[in-house]
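Asks: Next up, structure_36.cif (mmCIF, C-alpha atoms).
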data_data
loop_
_atom_site.label_atom_id
_atom_site.label_comp_id
_atom_site.auth_asym_id
_atom_site.auth_seq_id
_atom_site.Cartn_x
_atom_site.Cartn_y
_atom_site.Cartn_z
CA MET A 137 121.81 191.95 87.43
CA LYS A 138 124.46 189.34 88.27
CA ILE A 139 123.74 185.81 87.04
CA ASN A 140 124.82 182.90 89.18
CA LEU A 141 126.31 180.48 86.66
CA LEU A 142 126.30 177.62 89.17
CA VAL A 143 122.55 177.99 89.70
CA LEU A 144 121.97 178.05 85.94
CA PHE A 145 124.08 174.91 85.50
CA VAL A 146 122.16 173.06 88.21
CA LEU A 147 118.81 174.04 86.67
CA PHE A 148 119.95 173.01 83.19
CA ALA A 149 121.28 169.69 84.47
CA GLY A 150 117.95 169.06 86.21
CA ILE A 151 116.02 169.65 83.00
CA ILE A 152 118.29 167.31 81.03
CA SER A 153 118.16 164.57 83.64
CA SER A 154 114.35 164.74 83.83
CA TYR A 155 113.97 164.18 80.09
CA THR A 156 113.61 160.60 78.93
CA ALA A 157 113.82 159.90 75.23
CA PRO A 158 110.83 157.99 73.80
CA SER A 159 111.36 154.25 74.00
CA TYR A 160 109.48 153.23 70.87
CA LYS A 161 106.83 154.14 68.33
CA ILE A 162 103.44 152.82 67.32
CA ALA A 163 103.02 152.42 63.56
CA LYS A 164 100.18 152.61 61.07
CA MET A 165 100.31 150.13 58.19
CA LYS A 166 100.40 151.43 54.63
CA TYR A 167 99.10 148.82 52.19
CA ASN A 168 98.34 148.34 48.49
CA GLY A 169 95.00 147.59 46.85
CA GLY A 170 93.41 151.02 46.80
CA GLY A 171 91.97 151.12 50.32
CA ASP A 172 92.40 154.25 52.44
CA TRP A 173 95.11 153.02 54.81
CA TYR A 174 95.57 156.62 55.93
CA ALA A 175 92.06 156.90 57.46
CA ASN A 176 91.61 158.02 61.08
CA ARG A 177 94.40 160.54 60.72
CA THR A 178 94.42 161.75 64.34
CA ALA A 179 93.58 158.42 65.99
CA LEU A 180 97.02 157.06 66.85
CA PRO A 181 98.53 160.33 68.16
CA GLU A 182 95.51 160.69 70.45
CA LEU A 183 95.79 157.08 71.64
CA ILE A 184 99.53 157.49 72.17
CA SER A 185 98.97 160.56 74.32
CA PHE A 186 96.29 158.75 76.33
CA CYS A 187 98.53 155.71 76.91
CA ASN A 188 101.53 157.81 77.94
CA LYS A 189 99.37 159.65 80.45
CA ASN A 190 97.35 156.73 81.82
CA LEU A 191 99.59 153.68 81.40
CA GLY A 192 102.99 155.30 81.94
CA THR A 193 104.20 154.21 78.50
CA ASN A 194 106.88 156.22 76.75
CA PHE A 195 105.78 156.18 73.12
CA ASP A 196 106.99 158.81 70.71
CA LYS A 197 104.11 161.28 70.28
CA ASP A 198 104.14 160.82 66.50
CA GLU A 199 103.05 157.65 64.74
CA ALA A 200 105.25 155.90 62.20
CA VAL A 201 104.07 154.59 58.82
CA VAL A 202 105.25 151.14 57.79
CA GLU A 203 104.55 148.59 55.06
CA ALA A 204 103.94 144.90 55.68
CA GLY A 205 106.95 143.85 53.60
CA SER A 206 109.42 146.29 55.12
CA ALA A 207 112.25 145.35 57.47
CA GLU A 208 111.27 148.45 59.46
CA ILE A 209 108.15 146.73 60.77
CA PHE A 210 110.29 144.82 63.27
CA ASN A 211 111.05 148.13 65.02
CA TYR A 212 107.46 148.54 66.18
CA PRO A 213 105.83 146.46 68.93
CA PHE A 214 102.33 147.53 67.90
CA VAL A 215 101.03 148.13 64.36
CA TYR A 216 97.58 149.53 63.54
CA LEU A 217 95.75 148.84 60.27
CA THR A 218 92.49 150.52 59.24
CA GLY A 219 90.49 151.59 56.19
CA HIS A 220 87.28 151.13 54.27
CA GLY A 221 88.30 149.42 51.06
CA ASN A 222 90.49 146.91 49.29
CA ILE A 223 93.76 145.61 50.68
CA VAL A 224 96.29 143.32 48.97
CA PHE A 225 99.41 141.68 50.39
CA SER A 226 102.05 140.35 48.02
CA ASP A 227 103.63 136.97 48.77
CA GLN A 228 106.67 138.76 50.20
CA GLU A 229 104.51 141.02 52.37
CA ALA A 230 102.47 138.11 53.70
CA GLU A 231 105.63 136.17 54.57
CA ASN A 232 107.28 139.18 56.22
CA LEU A 233 104.15 140.01 58.22
CA ARG A 234 103.97 136.42 59.45
CA LYS A 235 107.59 136.61 60.60
CA TYR A 236 106.88 139.87 62.39
CA LEU A 237 103.83 138.51 64.19
CA THR A 238 105.30 135.12 65.11
CA GLY A 239 108.46 136.88 66.29
CA GLY A 240 106.71 138.98 68.91
CA GLY A 241 104.92 141.72 66.95
CA PHE A 242 101.27 142.65 67.28
CA LEU A 243 98.74 143.82 64.70
CA HIS A 244 95.47 145.59 65.46
CA ILE A 245 93.08 145.58 62.50
CA ASP A 246 90.22 148.07 62.83
CA ASP A 247 87.41 147.79 60.29
CA ASN A 248 86.46 151.37 59.44
CA TYR A 249 83.50 149.92 57.47
CA GLY A 250 83.91 147.89 54.31
CA LEU A 251 87.28 146.33 55.15
CA ASP A 252 86.01 142.96 56.34
CA LYS A 253 85.60 141.16 53.00
CA PHE A 254 89.09 142.22 51.95
CA ILE A 255 91.12 141.73 55.11
CA ARG A 256 89.96 138.22 55.97
CA PRO A 257 91.36 136.51 52.84
CA GLN A 258 94.58 138.54 53.12
CA MET A 259 95.16 137.46 56.71
CA LYS A 260 94.43 133.89 55.60
CA ARG A 261 97.41 134.26 53.27
CA VAL A 262 99.52 135.34 56.24
CA PHE A 263 98.29 132.49 58.45
CA PRO A 264 96.77 129.73 56.27
CA ASP A 265 96.59 127.50 59.34
CA LEU A 266 94.75 129.96 61.61
CA ASP A 267 91.20 131.28 61.76
CA PHE A 268 89.83 134.35 63.50
CA ILE A 269 88.06 133.42 66.72
CA GLU A 270 85.89 135.75 68.76
CA LEU A 271 87.35 136.49 72.19
CA PRO A 272 84.88 136.01 75.06
CA SER A 273 83.92 139.04 77.13
CA ASN A 274 85.84 137.68 80.13
CA HIS A 275 89.12 137.54 78.18
CA SER A 276 92.02 139.30 79.91
CA LEU A 277 92.25 141.81 77.05
CA TYR A 278 89.03 143.34 78.37
CA ASN A 279 90.32 143.30 81.93
CA GLN A 280 93.52 145.31 81.85
CA LYS A 281 93.70 148.72 83.59
CA PHE A 282 90.20 149.49 82.35
CA LYS A 283 87.37 146.99 82.78
CA PHE A 284 84.96 146.07 80.00
CA PRO A 285 82.81 143.27 81.44
CA GLY A 286 80.65 143.27 78.33
CA GLY A 287 83.62 142.95 75.98
CA LEU A 288 84.36 145.26 73.06
CA PRO A 289 82.37 148.52 73.27
CA LYS A 290 80.24 149.84 70.41
CA ILE A 291 81.65 153.15 69.14
CA HIS A 292 80.07 153.80 65.71
CA GLU A 293 77.02 152.25 64.11
CA HIS A 294 77.47 150.41 60.81
CA ASP A 295 74.93 147.72 60.01
CA GLY A 296 73.13 147.39 63.32
CA LYS A 297 75.31 144.46 64.37
CA ARG A 298 76.96 143.97 67.72
CA PRO A 299 80.67 144.78 68.06
CA GLN A 300 83.02 141.79 67.89
CA GLY A 301 86.66 141.38 68.74
CA PHE A 302 88.36 138.56 66.84
CA ALA A 303 91.86 137.18 67.34
CA LEU A 304 94.44 135.12 65.53
CA ILE A 305 96.18 133.02 68.17
CA TYR A 306 99.60 131.56 67.44
CA LYS A 307 101.07 129.11 69.98
CA GLY A 308 98.86 130.50 72.71
CA ARG A 309 99.62 134.16 71.96
CA VAL A 310 97.26 136.69 70.39
CA VAL A 311 99.24 138.03 67.42
CA CYS A 312 96.40 139.89 65.72
CA TYR A 313 93.26 141.47 67.15
CA TYR A 314 90.49 142.49 64.76
CA THR A 315 87.75 144.92 65.78
CA PHE A 316 84.58 144.54 63.71
CA GLU A 317 81.33 146.59 63.82
CA CYS A 318 82.98 148.84 66.37
CA ASP A 319 85.10 151.49 64.62
CA LEU A 320 87.36 151.82 67.63
CA GLY A 321 89.87 154.10 65.90
CA ASN A 322 87.19 156.64 65.01
CA GLY A 323 86.57 157.02 68.72
CA TRP A 324 90.24 157.81 69.36
CA GLU A 325 90.27 160.82 67.07
CA VAL A 326 90.45 164.42 68.25
CA ALA A 327 87.33 165.44 70.18
CA GLY A 328 84.77 166.98 67.85
CA THR A 329 85.89 165.07 64.75
CA TYR A 330 82.50 163.33 64.73
CA SER A 331 79.69 165.54 66.00
CA SER A 332 77.61 162.55 67.08
CA ASP A 333 80.29 161.27 69.46
CA SER A 334 79.96 162.13 73.12
CA GLU A 335 82.97 162.51 75.39
CA ASP A 336 81.86 159.33 77.13
CA THR A 337 82.03 157.45 73.82
CA ARG A 338 85.49 158.84 73.13
CA GLN A 339 86.74 157.90 76.59
CA ARG A 340 85.43 154.35 76.23
CA ALA A 341 87.24 154.04 72.90
CA LEU A 342 90.51 155.38 74.32
CA LYS A 343 90.30 153.15 77.39
CA MET A 344 89.67 150.09 75.22
CA GLY A 345 92.60 151.12 73.02
CA ALA A 346 94.81 151.49 76.08
CA ASN A 347 93.76 148.02 77.24
CA LEU A 348 94.73 146.67 73.85
CA VAL A 349 98.15 148.32 73.97
CA GLN A 350 98.76 147.14 77.53
CA TYR A 351 97.72 143.60 76.66
CA ALA A 352 99.84 143.52 73.50
CA LEU A 353 102.95 144.64 75.38
CA THR A 354 102.56 142.34 78.39
CA GLN A 355 100.82 139.12 77.28
#
Here is a file; write its structure as structure tokens.
Replies:
Amino acid sequence: MKINLLVLFVLFAGIISSYTAPSYKIAKMKYNGGGDWYANRTALPELISFCNKNLGTNFDKDEAVVEAGSAEIFNYPFVYLTGHGNIVFSDQEAENLRKYLTGGGFLHIDDNYGLDKFIRPQMKRVFPDLDFIELPSNHSLYNQKFKFPGGLPKIHEHDGKRPQGFALIYKGRVVCYYTFECDLGNGWEVAGTYSSDSEDTRQRALKMGANLVQYALTQ
């Protein structure tokens, strides 16, 4: 069979021109102190895929791993931090994280149960002059592409408390959003990871995560 080289060239050129290299990555924060920073192993890749499909973002499909004190953190517009246990920032890490956040970066802290008593004093070291405040249910973060009129959804049960979304606000901008009694990242994980989770629960978690990404990139 004779192959038409011109046709092959046109097809190849079309494939190349239709490919767009990923614009940026989302990162998970690796920290010291003994806490399991690596928890929710499939959460970010699943959220990334959901955002690329539903928001039209162009994230790399793989998450990055970054430390608070690294210069690499400035390469990522959105950083996710989770875990159950202790977390410690050195003075250098606290200073670098503050520079990252005041310079346009965004940190999502997701309490995977047990993180609260450790993360609050560490973030106070990063921003001694700021306190976490609960965002009202009518905040624009809950009214991006997906609507959450009741505010942050409840994904996993911990201590029978309502879910709360707290923020650190610097010069009018939310630089850090903290999900408490929610376990949002658990809901992002691959379907079937938690047998008690329904598909509806997973979709609510992914939609809330997409809202958070959209808000962080456009506020």
Asks: Choose the residue, out of A:Leu353, A:Ile184, A:Ala204, A:Leu191, that has the smallest atom-to-atom separation from Glu229 (chain A); count all atoms listed in the file.
Replies: A:Ala204
Asks: Give me the residues near Arg261 (chain A) as a ChimeraX atom specification, where near means some atom within 9 Å (using only C-alpha atoms) and where sequence neighbours in that chain fewer than 6 positions away do not count.
Replies: /A:225,227,230-231
Asks: Residues picked by the PyMOL selection byres ((chain A and resi 275) around 12) here, as a ChimeraX atom specification?
Replies: /A:270-274,276-280,283-288,301-303,310,347-348,351,355
Asks: Using the chain letters and numbers from the file, which residues does the PyMOL selection byres ((chain A and resi 235) around 12) grab, as a PyMOL selection string?
Replies: chain A and resi 204-207+209-210+228-234+236-242+262-263+306+311
Asks: Where does region 232-292 of chain A meet region 322-343 of chain A within 9 Å, residue by residue, with the nearest atom pair and distance in Å to one decimal for each, counting only C-alpha atoms, listed by chain and rising number, as JSON lines?
Replies:
{"residue": "A:Asn248", "atom": "CA", "partner": "A:Asn322", "partner_atom": "CA", "distance": 7.7}
{"residue": "A:Lys281", "atom": "CA", "partner": "A:Lys343", "partner_atom": "CA", "distance": 8.3}
{"residue": "A:Phe282", "atom": "CA", "partner": "A:Lys343", "partner_atom": "CA", "distance": 6.2}
{"residue": "A:Lys283", "atom": "CA", "partner": "A:Lys343", "partner_atom": "CA", "distance": 8.7}
{"residue": "A:Pro289", "atom": "CA", "partner": "A:Arg340", "partner_atom": "CA", "distance": 7.2}
{"residue": "A:Lys290", "atom": "CA", "partner": "A:Thr337", "partner_atom": "CA", "distance": 8.5}
{"residue": "A:Ile291", "atom": "CA", "partner": "A:Gly323", "partner_atom": "CA", "distance": 6.3}
{"residue": "A:His292", "atom": "CA", "partner": "A:Asn322", "partner_atom": "CA", "distance": 7.7}
Asks: Any chance you could work out the residue set of the PyMOL selection byres ((chain A and resi 202) around 6) here, as number ranges by chain?
Replies: A: 165-166, 201, 203
Asks: Using only C-alpha atoms, pick whichever of A:Arg298, A:Arg177, A:Lys161, A:His220 has the shortest atom-to-atom distance to Lys197 (chain A).
Replies: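 With only C-alpha atoms as the atom set, the closest residue is A:Lys161.
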Asks: Considering only C-alpha atoms, can you say which of A:Tyr174, A:Tyr216, A:Tyr167, A:Tyr314 comes closest to Arg256 (chain A)?
Replies: A:Tyr314
Asks: Please, what distance in Å, to one decimal, runs between CA of Met259 (chain A) and CA of Gly169 (chain A)?
Replies: 14.1 Å
Asks: By how many Å are CA of Leu217 (chain A) and CA of Thr354 (chain A) apart?
Replies: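 Result for CA of Leu217 (chain A) versus CA of Thr354 (chain A): 20.4 Å, one decimal.
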Asks: Name the residues in contact with Gly221 (chain A) at a cut-off of 6 Å, using all atoms listed in the file, excluding same-chain residues fewer than 5 positions from it; report them as a list in words.
Replies: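 These residues fall inside the cut-off: Gly171, Gly250 and Leu251 of chain A.
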